[in-house]
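Peer 1: my_file12.csv is reproduced in full below (CSV, C-alpha atoms).
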chain,number,residue,atom,x,y,z
A,1,MET,CA,55.9,-28.2,126.5
A,2,SER,CA,56.9,-31.8,127.1
A,3,TYR,CA,59.3,-33.6,124.7
A,4,ALA,CA,56.5,-36.0,123.6
A,5,ARG,CA,54.2,-33.1,122.6
A,6,SER,CA,57.0,-31.4,120.7
A,7,PHE,CA,57.9,-34.6,118.9
A,8,LEU,CA,54.3,-35.3,117.8
A,9,ARG,CA,54.1,-31.7,116.4
A,10,THR,CA,57.2,-32.2,114.2
A,11,GLN,CA,57.1,-35.8,113.2
A,12,PRO,CA,54.6,-37.9,111.1
A,13,LEU,CA,52.1,-39.7,113.2
A,14,ALA,CA,53.3,-43.2,112.1
A,15,LEU,CA,56.8,-42.4,113.1
A,16,ALA,CA,55.7,-41.0,116.5
A,17,ALA,CA,53.7,-44.1,117.2
A,18,ALA,CA,56.7,-46.3,116.3
A,19,ALA,CA,59.0,-44.2,118.6
A,20,LEU,CA,56.5,-44.5,121.4
A,21,LEU,CA,56.2,-48.3,121.1
A,22,SER,CA,59.9,-48.6,120.9
A,23,SER,CA,60.3,-46.6,124.2
A,24,MET,CA,57.9,-49.0,125.8
A,25,GLY,CA,60.1,-52.0,124.7
A,26,MET,CA,57.6,-53.0,121.9
A,27,THR,CA,58.2,-53.5,118.1
A,28,VAL,CA,56.0,-52.8,115.2
A,29,SER,CA,54.9,-56.1,113.6
A,30,ALA,CA,54.8,-56.8,109.9
A,31,GLN,CA,51.6,-56.9,108.1
A,32,ALA,CA,49.7,-60.1,108.9
A,33,LYS,CA,49.8,-62.9,106.4
A,34,ASN,CA,46.8,-64.2,104.5
A,35,VAL,CA,45.9,-67.6,106.0
A,36,VAL,CA,44.8,-70.1,103.4
A,37,CYS,CA,43.0,-73.3,104.5
A,38,VAL,CA,43.9,-76.0,102.1
A,39,TRP,CA,42.0,-79.3,102.0
A,40,ASP,CA,43.8,-82.3,100.5
A,41,VAL,CA,42.8,-85.9,101.1
A,42,ALA,CA,46.5,-86.7,101.3
A,43,GLY,CA,47.3,-83.8,103.6
A,44,LYS,CA,50.5,-81.8,103.0
A,45,SER,CA,51.9,-84.5,100.8
A,46,GLY,CA,49.1,-84.3,98.3
A,47,ASP,CA,48.9,-82.7,94.8
A,48,VAL,CA,46.4,-80.0,95.8
A,49,TYR,CA,48.6,-78.9,98.6
A,50,ALA,CA,51.6,-78.9,96.3
A,51,ALA,CA,49.8,-76.7,93.8
A,52,SER,CA,48.7,-74.4,96.6
A,53,THR,CA,52.3,-74.0,97.7
A,54,ASP,CA,53.2,-72.8,94.1
A,55,TYR,CA,50.2,-70.6,94.2
A,56,ALA,CA,51.3,-68.9,97.4
A,57,LEU,CA,54.7,-68.2,95.9
A,58,ALA,CA,53.3,-66.8,92.6
A,59,MET,CA,50.8,-64.5,94.4
A,60,GLN,CA,53.5,-62.7,96.3
A,61,LYS,CA,54.1,-60.4,93.4
A,62,HIS,CA,50.5,-59.5,93.5
A,63,GLY,CA,50.6,-58.2,97.1
A,64,ALA,CA,49.6,-61.4,99.0
A,65,ASP,CA,51.8,-63.0,101.6
A,66,MET,CA,50.1,-66.4,102.2
A,67,GLU,CA,50.5,-68.9,105.0
A,68,LEU,CA,49.0,-72.3,104.1
A,69,LYS,CA,47.2,-74.4,106.7
A,70,GLY,CA,46.6,-78.0,105.7
A,71,TYR,CA,43.4,-80.0,106.4
A,72,VAL,CA,42.5,-83.6,105.8
A,73,ASP,CA,38.9,-83.0,106.9
A,74,GLU,CA,37.3,-80.7,104.4
A,75,ARG,CA,34.4,-79.8,106.7
A,76,VAL,CA,36.7,-78.3,109.2
A,77,ALA,CA,38.5,-76.3,106.6
A,78,ILE,CA,35.2,-74.8,105.4
A,79,GLU,CA,34.1,-74.1,109.0
A,80,ASP,CA,37.3,-72.3,109.8
A,81,PHE,CA,37.0,-70.2,106.6
A,82,ARG,CA,33.4,-69.3,107.5
A,83,ALA,CA,34.5,-68.3,111.0
A,84,GLY,CA,37.1,-66.0,109.7
A,85,GLN,CA,40.1,-68.1,110.8
A,86,CYS,CA,41.2,-68.3,107.2
A,87,ASP,CA,41.2,-65.6,104.5
A,88,ALA,CA,40.8,-68.2,101.7
A,89,VAL,CA,39.9,-71.8,101.4
A,90,VAL,CA,40.8,-74.5,98.9
A,91,ALA,CA,38.1,-77.2,98.8
A,92,THR,CA,35.8,-79.1,96.5
A,93,SER,CA,33.1,-77.2,94.8
A,94,PHE,CA,30.5,-79.3,96.5
A,95,ARG,CA,31.5,-77.5,99.7
A,96,THR,CA,32.3,-74.0,98.1
A,97,ARG,CA,29.0,-73.9,96.1
A,98,GLN,CA,27.4,-72.2,99.1
A,99,PHE,CA,29.7,-69.2,98.6
A,100,ASN,CA,29.3,-68.9,94.9
A,101,GLY,CA,26.6,-70.8,93.0
A,102,VAL,CA,27.8,-69.8,89.6
A,103,ALA,CA,31.2,-71.5,89.9
A,104,GLY,CA,29.8,-74.2,92.0
A,105,SER,CA,27.5,-75.3,89.2
A,106,ILE,CA,30.3,-76.3,87.0
A,107,ASP,CA,30.2,-79.7,88.7
A,108,SER,CA,26.6,-80.4,87.4
A,109,VAL,CA,25.5,-83.8,86.4
A,110,GLY,CA,26.6,-84.8,82.9
A,111,SER,CA,27.4,-81.2,81.8
A,112,THR,CA,30.8,-82.2,80.4
A,113,LEU,CA,29.7,-85.4,78.7
A,114,ILE,CA,30.6,-85.6,75.0
A,115,ILE,CA,29.5,-88.6,72.9
A,116,ARG,CA,31.0,-89.3,69.5
A,117,ASN,CA,30.3,-92.3,67.4
A,118,GLY,CA,28.6,-94.0,70.2
A,119,LYS,CA,31.5,-93.6,72.6
A,120,VAL,CA,32.3,-91.3,75.5
A,121,ASP,CA,35.0,-88.8,74.5
A,122,ILE,CA,36.6,-88.1,77.9
A,123,ASP,CA,39.3,-85.8,76.4
A,124,ALA,CA,36.6,-83.7,74.8
A,125,GLY,CA,34.8,-83.5,78.1
A,126,TYR,CA,38.0,-82.0,79.6
A,127,GLU,CA,38.1,-79.5,76.8
A,128,VAL,CA,34.6,-78.4,77.7
A,129,LEU,CA,35.7,-77.8,81.2
A,130,ARG,CA,38.8,-75.9,80.1
A,131,LYS,CA,36.6,-73.6,78.0
A,132,VAL,CA,34.3,-72.9,80.9
A,133,ILE,CA,37.1,-72.2,83.3
A,134,GLN,CA,38.6,-69.8,80.7
A,135,VAL,CA,35.3,-67.9,80.6
A,136,PHE,CA,35.1,-67.6,84.3
A,137,ALA,CA,38.7,-66.5,84.6
A,138,SER,CA,38.2,-63.7,82.1
A,139,PRO,CA,37.7,-60.1,83.2
A,140,ALA,CA,34.2,-60.0,81.6
A,141,ALA,CA,33.1,-62.7,84.2
A,142,GLY,CA,34.5,-60.8,87.2
A,143,LYS,CA,31.1,-59.8,88.6
A,144,LEU,CA,29.8,-63.4,88.4
A,145,MET,CA,32.8,-64.6,90.5
A,146,VAL,CA,31.8,-62.3,93.4
A,147,ASP,CA,29.0,-62.9,95.8
A,148,GLY,CA,29.0,-60.5,98.8
A,149,ASN,CA,32.3,-60.7,100.5
A,150,TYR,CA,33.2,-64.0,98.7
A,151,GLU,CA,35.1,-64.2,95.5
A,152,VAL,CA,36.1,-67.3,93.5
A,153,GLY,CA,39.9,-67.3,93.2
A,154,GLY,CA,40.3,-70.2,90.9
A,155,ILE,CA,39.1,-73.6,89.7
A,156,PHE,CA,41.2,-76.8,89.5
A,157,PRO,CA,39.9,-80.0,88.0
A,158,LEU,CA,40.1,-83.2,90.1
A,159,GLY,CA,39.3,-85.4,87.1
A,160,ALA,CA,36.3,-87.3,85.8
A,161,ALA,CA,34.2,-89.0,88.5
A,162,TYR,CA,33.2,-92.5,87.4
A,163,PRO,CA,30.6,-95.0,88.8
A,164,ILE,CA,32.5,-97.5,90.9
A,165,VAL,CA,30.6,-100.7,91.9
A,166,ARG,CA,31.3,-103.7,94.1
A,167,ASP,CA,29.4,-105.9,91.7
A,168,ARG,CA,29.7,-105.4,87.9
A,169,ARG,CA,26.2,-106.7,87.4
A,170,ASN,CA,25.0,-103.3,88.8
A,171,ASN,CA,25.9,-101.7,85.5
A,172,THR,CA,22.4,-100.4,84.4
A,173,VAL,CA,20.0,-97.9,85.9
A,174,GLU,CA,17.5,-100.8,86.4
A,175,SER,CA,20.0,-102.9,88.3
A,176,LEU,CA,20.8,-100.1,90.7
A,177,SER,CA,17.2,-99.8,91.9
A,178,GLY,CA,17.2,-100.1,95.6
A,179,LYS,CA,21.0,-100.2,95.9
A,180,LYS,CA,22.9,-98.0,98.3
A,181,ILE,CA,24.8,-95.3,96.6
A,182,ALA,CA,27.1,-92.7,98.3
A,183,ALA,CA,25.9,-89.1,98.4
A,184,PHE,CA,27.8,-86.3,100.0
A,185,ASP,CA,25.4,-85.0,102.6
A,186,TYR,CA,26.3,-81.4,101.8
A,187,ASP,CA,25.4,-81.8,98.1
A,188,LYS,CA,21.7,-82.0,97.6
A,189,ALA,CA,22.1,-82.6,93.9
A,190,GLN,CA,23.7,-86.0,94.4
A,191,GLY,CA,20.8,-87.2,96.6
A,192,MET,CA,18.2,-86.0,94.1
A,193,MET,CA,20.0,-87.8,91.2
A,194,ILE,CA,20.2,-91.1,93.2
A,195,GLN,CA,16.5,-90.9,94.1
A,196,ARG,CA,15.6,-90.3,90.5
A,197,ILE,CA,16.9,-93.8,89.6
A,198,GLY,CA,15.2,-95.5,92.5
A,199,ALA,CA,18.3,-96.1,94.5
A,200,GLN,CA,19.0,-95.2,98.1
A,201,PRO,CA,21.3,-92.3,98.9
A,202,VAL,CA,23.6,-92.9,101.8
A,203,SER,CA,25.2,-89.9,103.5
A,204,VAL,CA,29.0,-89.8,103.3
A,205,ASP,CA,31.9,-87.3,103.4
A,206,VAL,CA,35.5,-87.5,102.2
A,207,THR,CA,36.6,-89.0,105.5
A,208,ASN,CA,34.4,-92.1,105.4
A,209,ILE,CA,33.4,-92.7,101.8
A,210,GLY,CA,36.3,-95.1,101.3
A,211,PRO,CA,35.8,-97.2,104.4
A,212,LYS,CA,32.0,-97.4,103.8
A,213,PHE,CA,32.5,-98.7,100.2
A,214,ASN,CA,35.3,-101.0,101.1
A,215,ASN,CA,33.4,-102.6,104.0
A,216,GLY,CA,30.2,-103.2,102.0
A,217,PHE,CA,28.0,-100.5,103.4
A,218,LEU,CA,27.7,-99.0,99.9
A,219,ASP,CA,27.0,-100.7,96.5
A,220,MET,CA,28.4,-97.8,94.5
A,221,VAL,CA,30.4,-94.6,94.8
A,222,THR,CA,31.2,-91.9,92.2
A,223,LEU,CA,34.8,-90.7,92.5
A,224,PRO,CA,37.7,-89.6,90.3
A,225,ALA,CA,40.7,-91.8,89.7
A,226,VAL,CA,42.8,-89.6,92.0
A,227,ALA,CA,40.8,-91.1,94.9
A,228,TYR,CA,41.5,-94.8,94.0
A,229,LYS,CA,44.8,-95.2,95.9
A,230,PRO,CA,44.3,-92.9,98.9
A,231,PHE,CA,40.8,-94.4,99.6
A,232,GLU,CA,42.1,-98.0,98.8
A,233,LEU,CA,39.1,-98.6,96.6
A,234,HIS,CA,40.6,-101.8,95.3
A,235,LYS,CA,39.5,-103.4,98.5
A,236,GLY,CA,35.9,-102.6,97.8
A,237,ILE,CA,36.1,-103.5,94.1
A,238,GLY,CA,37.7,-106.8,94.8
A,239,LYS,CA,37.2,-109.4,92.1
A,240,THR,CA,33.6,-108.7,91.3
A,241,GLY,CA,33.5,-104.9,91.0
A,242,GLY,CA,34.7,-102.4,88.5
A,243,ILE,CA,34.8,-98.8,87.3
A,244,GLY,CA,32.4,-97.8,84.5
A,245,ARG,CA,34.0,-95.6,81.9
A,246,LEU,CA,31.1,-93.2,81.8
A,247,PRO,CA,31.9,-90.1,83.8
A,248,ILE,CA,28.9,-88.6,85.7
A,249,VAL,CA,30.6,-85.3,86.5
A,250,ILE,CA,34.1,-83.7,86.5
A,251,PRO,CA,34.4,-82.4,90.1
A,252,THR,CA,36.7,-79.5,90.8
A,253,VAL,CA,38.6,-77.9,93.6
A,254,GLN,CA,37.9,-74.2,94.0
A,255,ILE,CA,39.7,-71.4,95.7
A,256,MET,CA,37.3,-69.2,97.7
A,257,LEU,CA,38.5,-65.8,98.9
A,258,ASN,CA,37.3,-63.3,101.5
A,259,LYS,CA,37.9,-60.5,99.0
A,260,ASN,CA,38.2,-57.8,101.6
A,261,LYS,CA,41.3,-59.5,102.9
A,262,PHE,CA,43.2,-59.2,99.6
A,263,PRO,CA,44.3,-56.3,97.4
A,264,ALA,CA,42.0,-54.8,94.8
A,265,GLY,CA,42.0,-56.9,91.5
A,266,PHE,CA,43.7,-59.9,93.3
A,267,GLY,CA,40.8,-62.2,92.4
A,268,GLU,CA,41.3,-61.9,88.7
A,269,LYS,CA,45.0,-62.6,88.9
A,270,SER,CA,44.3,-65.5,91.2
A,271,ARG,CA,41.9,-67.0,88.7
A,272,GLN,CA,44.4,-66.6,85.9
A,273,PHE,CA,47.0,-68.5,87.9
A,274,TRP,CA,44.7,-71.5,88.4
A,275,LEU,CA,43.7,-71.4,84.7
A,276,GLY,CA,47.4,-71.8,83.9
A,277,GLN,CA,47.5,-75.0,86.1
A,278,PHE,CA,44.8,-76.8,84.1
A,279,ASP,CA,47.3,-79.0,82.2
A,280,ARG,CA,49.2,-79.8,85.3
A,281,ALA,CA,46.0,-81.0,86.9
A,282,LEU,CA,45.1,-83.1,83.8
A,283,ASN,CA,48.5,-84.8,83.9
A,284,ILE,CA,47.9,-85.7,87.5
A,285,VAL,CA,44.5,-87.1,86.6
A,286,LYS,CA,45.8,-89.2,83.6
A,287,THR,CA,48.6,-90.6,85.7
A,288,ALA,CA,46.1,-91.7,88.3
A,289,GLU,CA,43.9,-93.3,85.7
A,290,LYS,CA,46.8,-95.2,84.2
A,291,GLY,CA,47.7,-96.5,87.7
A,292,ILE,CA,44.4,-98.4,87.9
A,293,PRO,CA,44.6,-101.9,86.6
A,294,ALA,CA,43.2,-102.2,83.1
A,295,ALA,CA,40.9,-105.1,84.0
A,296,THR,CA,39.2,-102.8,86.6
A,297,TRP,CA,37.7,-100.6,83.8
A,298,GLU,CA,34.5,-101.5,82.0
A,299,ASP,CA,33.0,-99.8,78.9
A,300,PHE,CA,29.3,-99.4,78.7
A,301,PRO,CA,27.4,-100.8,75.7
A,302,ALA,CA,27.3,-98.2,72.9
A,303,GLU,CA,23.5,-98.5,72.6
A,304,SER,CA,23.0,-97.6,76.3
A,305,ILE,CA,25.2,-94.4,76.4
A,306,PRO,CA,22.7,-92.0,74.7
A,307,LYS,CA,20.1,-93.1,77.3
A,308,TYR,CA,22.4,-92.1,80.1
A,309,ALA,CA,23.1,-88.7,78.4
A,310,VAL,CA,19.3,-88.0,78.3
A,311,MET,CA,19.0,-89.1,81.9
A,312,TYR,CA,21.8,-86.8,83.0
A,313,ARG,CA,20.3,-83.9,81.2
A,314,GLU,CA,16.8,-84.4,82.7
A,315,ALA,CA,18.3,-84.7,86.1
A,316,ARG,CA,20.4,-81.6,85.6
A,317,LEU,CA,17.5,-79.5,84.5
A,318,GLU,CA,15.3,-80.7,87.4
A,319,ILE,CA,18.0,-79.9,89.9
A,320,ALA,CA,18.4,-76.4,88.3
A,321,LYS,CA,14.7,-75.8,88.7
A,322,GLN,CA,15.1,-76.6,92.4
A,323,GLY,CA,17.6,-73.7,92.6
A,324,ILE,CA,20.6,-75.9,93.3
A,325,TYR,CA,22.4,-75.4,89.9
A,326,ASN,CA,22.9,-71.9,88.5
A,327,LYS,CA,21.1,-71.5,85.2
A,328,THR,CA,23.7,-69.1,83.8
A,329,THR,CA,26.4,-71.7,84.3
A,330,LEU,CA,24.4,-74.4,82.6
A,331,ASN,CA,23.9,-72.2,79.6
A,332,VAL,CA,27.7,-71.4,79.5
A,333,MET,CA,28.4,-75.1,79.7
A,334,LYS,CA,26.1,-75.9,76.9
A,335,LYS,CA,27.9,-73.3,74.7
A,336,ALA,CA,31.2,-74.9,75.6
A,337,ARG,CA,29.8,-78.4,74.7
A,338,CYS,CA,28.5,-77.2,71.4
A,339,SER,CA,31.8,-75.5,70.5
A,340,VAL,CA,33.6,-78.8,71.1
A,341,ASN,CA,30.9,-81.0,69.5
A,342,PRO,CA,28.7,-78.8,67.2
A,343,SER,CA,27.1,-81.8,65.5
A,344,ASP,CA,25.3,-82.8,68.6
A,345,ALA,CA,21.5,-82.6,68.4
A,346,GLU,CA,21.3,-80.4,71.5
A,347,CYS,CA,23.1,-77.6,69.6
A,348,ALA,CA,20.0,-76.9,67.5
A,349,THR,CA,18.9,-74.6,70.4
A,350,GLN,CA,21.0,-71.9,71.9
A,351,ARG,CA,20.2,-72.3,75.6
A,352,GLU,CA,19.9,-75.2,77.9
A,353,ILE,CA,17.5,-73.6,80.3
A,354,ASP,CA,15.7,-70.3,80.7
Now, as a test, write the supplied structure out as structure tokens.
Peer 2:
Amino acid sequence: MSYARSFLRTQPLALAAAALLSSMGMTVSAQAKNVVCVWDVAGKSGDVYAASTDYALAMQKHGADMELKGYVDERVAIEDFRAGQCDAVVATSFRTRQFNGVAGSIDSVGSTLIIRNGKVDIDAGYEVLRKVIQVFASPAAGKLMVDGNYEVGGIFPLGAAYPIVRDRRNNTVESLSGKKIAAFDYDKAQGMMIQRIGAQPVSVDVTNIGPKFNNGFLDMVTLPAVAYKPFELHKGIGKTGGIGRLPIVIPTVQIMLNKNKFPAGFGEKSRQFWLGQFDRALNIVKTAEKGIPAATWEDFPAESIPKYAVMYREARLEIAKQGIYNKTTLNVMKKARCSVNPSDAECATQREID
């Protein structure tokens, strides 16, 4: 009987394999790290990447050893995730909606809009979003966060997205008729909304939306305040433009996991981590908003605001009927709005859409 055969009979298989590899001058490698593709418009120096770094450290105690891979081009990050080069991806929900429509529908038109005394209450809108993220981070919503091999690992607010125009005279629906408005080509909802008001959607992505606006190829963009400096939007706004203080949507960054690559139960722990980062995100947003010159902001006339709320709702329901927004999410968001603002007329009915 050879030495090798005798050894295999008396030692565990794993130890035998290690000894054999060692005799061949090879070593047993450590378990591979989970690669996380992280999109941030500012690259590795941005706030999303910084939060992802903290996330990677925090998740070590839950059995995940993460390696972050930074991207400035969101499209490439998503393609690498889809191709299996990443085990998770951090990107805007406009891109991640394809993997989970429930979480992706949080960013639906006007779904966080709260109006009190004729004015938009932006802080109340953030409270609506917080409540919805809390619902989706709870164990009871675990099944909704999974679609096939994909699982939502967290939701991170980017801040209210406002209409930004090159000409302040374009401050009504009527005045925007025929105007060129940016629409992310991978988000059909934006194009539908723009067409509803008689404007012309122009295809953009995060790599060219700033230059197209600044160089006059667009009359309007809808972006959060955190995009103001990196996209140099002051160039497009100039002396004639402005930012309307009537948020159309609160876009989010979402973490999408290939759940088979992570330990059982990891998704819930991941979602709880990002829920705990909500106030951190809000501080970043408010700092960005304060950094925009006060003269750049413009309030809408109080009498016109309810009209926009109705327009947003009609568009939201139509987009849901087209199968782009998830109906369950819209109903969850209505409950959150009514818990924040119970006196609103919409709260007379329990559901937004059947």
Peer 1: Skip stretch 215-230 of chain A itself and residues of its chain fewer than 3 positions away, then list as a ChimeraX atom specification all residues within 9 Å of it, counting all atoms listed in the file.
Peer 2: /A:41-42,158-167,170,176,179-183,202,209-212,233-236,247-251,284-292
Peer 1: Rounded to one decimal, what separation in Å do you get between atom CA of A:Met311 and atom CA of A:Val173?
Peer 2: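 Interatomic distance here is 9.7 Å.
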Peer 1: Determine the nearest neighbour of A:Phe231 from the options A:Asn208, A:Gly244, A:Gly43, A:Ile305, counting only C-alpha atoms.
Peer 2: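 The answer is A:Asn208, which sits nearest to A:Phe231.
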Peer 1: Please report as CSV every residue of stretch 202-242 of chain A lying within 10 Å of stretch 61-79 of chain A, along with the nearest atom pair and their distance in Å (one decimal), using all atoms listed in the file.
Peer 2:
residue,atom,partner,partner_atom,distance
A:Asp205,CA,A:Arg75,CA,8.6
A:Val206,CA,A:Asp73,CA,7.3
A:Thr207,CA,A:Asp73,CA,6.6
Peer 1: So, with all atoms listed in the file as the atoms that count, which of A:Val120, A:Ile243, A:Ala56, A:Ala88 lies closest to A:Tyr308?
Peer 2: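 Answer, going by the shortest atom-to-atom distance: A:Val120.
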Peer 1: List every protein, DNA or RNA residue that has an atom no more than 9 Å from (47.3, -68.7, 96.2) in the file's coordinate frame, counting all atoms listed in the file, and report them as a VMD selection string.
Peer 2: chain A and resid 36 51 to 60 64 66 68 88 153 to 154 255 270 273 to 274
Peer 1: Could you tell me how far atom CA of A:Ser175 sits from atom CA of A:Gly198, in Å to one decimal place?
Peer 2: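 Calculated distance between atom CA of A:Gly198 and atom CA of A:Ser175 is 9.8 Å.
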Peer 1: Check the smallest atom-to-atom distance from each of A:Ile155, A:Ala140, A:Ile114, A:Ile194 to A:Ala281 using all atoms listed in the file, then report the winner.
Peer 2: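 Of A:Ile155, A:Ala140, A:Ile114, A:Ile194, the one nearest A:Ala281, counting all atoms listed in the file, is A:Ile155.
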Peer 1: Rank A:Phe213, A:Tyr186, A:Phe156, A:Phe300 by their smallest atom-to-atom distance to A:Val48, using only C-alpha atoms, and report the top residue only.
Peer 2: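 Under the stated criterion, the closest residue is A:Phe156.
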Peer 1: Neighbours of A:Val89 within 9 Å (all atoms listed in the file; same-chain residues fewer than 4 positions away dropped), as a PyMOL selection string?
Peer 2: chain A and resi 35-39+77-78+80-81+96+254-258
Peer 1: Go ahead and compute the interatomic distance for atom CA of A:Pro306 and atom CA of A:Val253, in Å to one decimal.
Peer 2: 28.4 Å
Peer 1: Can you check which parts of stretch 76-147 of chain A lie within 10 Å of stretch 189-193 of chain A? Per residue, the shortest pair of atoms and distance in Å to one decimal, counting all atoms listed in the file, sorted by chain and number, as JSON lines.
Peer 2:
{"residue": "A:Phe94", "atom": "CA", "partner": "A:Ala189", "partner_atom": "CA", "distance": 9.4}
{"residue": "A:Ser108", "atom": "CA", "partner": "A:Ala189", "partner_atom": "CA", "distance": 8.2}
{"residue": "A:Val109", "atom": "CA", "partner": "A:Ala189", "partner_atom": "CA", "distance": 8.3}
Peer 1: Could you pull out every residue with an atom within 7 Å of (25.7, -68.7, 88.0), file coordinates, counting all atoms listed in the file, and send them as a PDB file with C-alpha atoms, in the coordinates of the input?
Peer 2:
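Below you can see selection_17.pdb, which holds the result:
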ATOM      1  CA  GLY A 101      26.600 -70.800  93.000  1.00  0.00           C
ATOM      2  CA  VAL A 102      27.800 -69.800  89.600  1.00  0.00           C
ATOM      3  CA  ALA A 103      31.200 -71.500  89.900  1.00  0.00           C
ATOM      4  CA  SER A 105      27.500 -75.300  89.200  1.00  0.00           C
ATOM      5  CA  LEU A 144      29.800 -63.400  88.400  1.00  0.00           C
ATOM      6  CA  ASN A 326      22.900 -71.900  88.500  1.00  0.00           C
ATOM      7  CA  LYS A 327      21.100 -71.500  85.200  1.00  0.00           C
ATOM      8  CA  THR A 328      23.700 -69.100  83.800  1.00  0.00           C
ATOM      9  CA  THR A 329      26.400 -71.700  84.300  1.00  0.00           C
TER      10      THR A 329
END
Peer 1: Would you please work out which residue, of A:Phe136, A:Val204, A:Ala124, A:Lys334, is nearest to A:Ala348 when using all atoms listed in the file?
Peer 2: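 The answer is A:Lys334, which sits nearest to A:Ala348.
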Peer 1: Hey, what's within 9 Å of A:Asp344 if we count all atoms listed in the file and toss same-chain stuff fewer than 6 positions away? As a PyMOL selection string, please?
Peer 2: chain A and resi 114-116+337-338
Peer 1: Could you dump the residues just selected with C-alpha atoms as a PDB file, in the frame of the given file?
Peer 2:
ATOM      1  CA  ILE A 114      30.600 -85.600  75.000  1.00  0.00           C
ATOM      2  CA  ILE A 115      29.500 -88.600  72.900  1.00  0.00           C
ATOM      3  CA  ARG A 116      31.000 -89.300  69.500  1.00  0.00           C
ATOM      4  CA  ARG A 337      29.800 -78.400  74.700  1.00  0.00           C
ATOM      5  CA  CYS A 338      28.500 -77.200  71.400  1.00  0.00           C
TER       6      CYS A 338
END
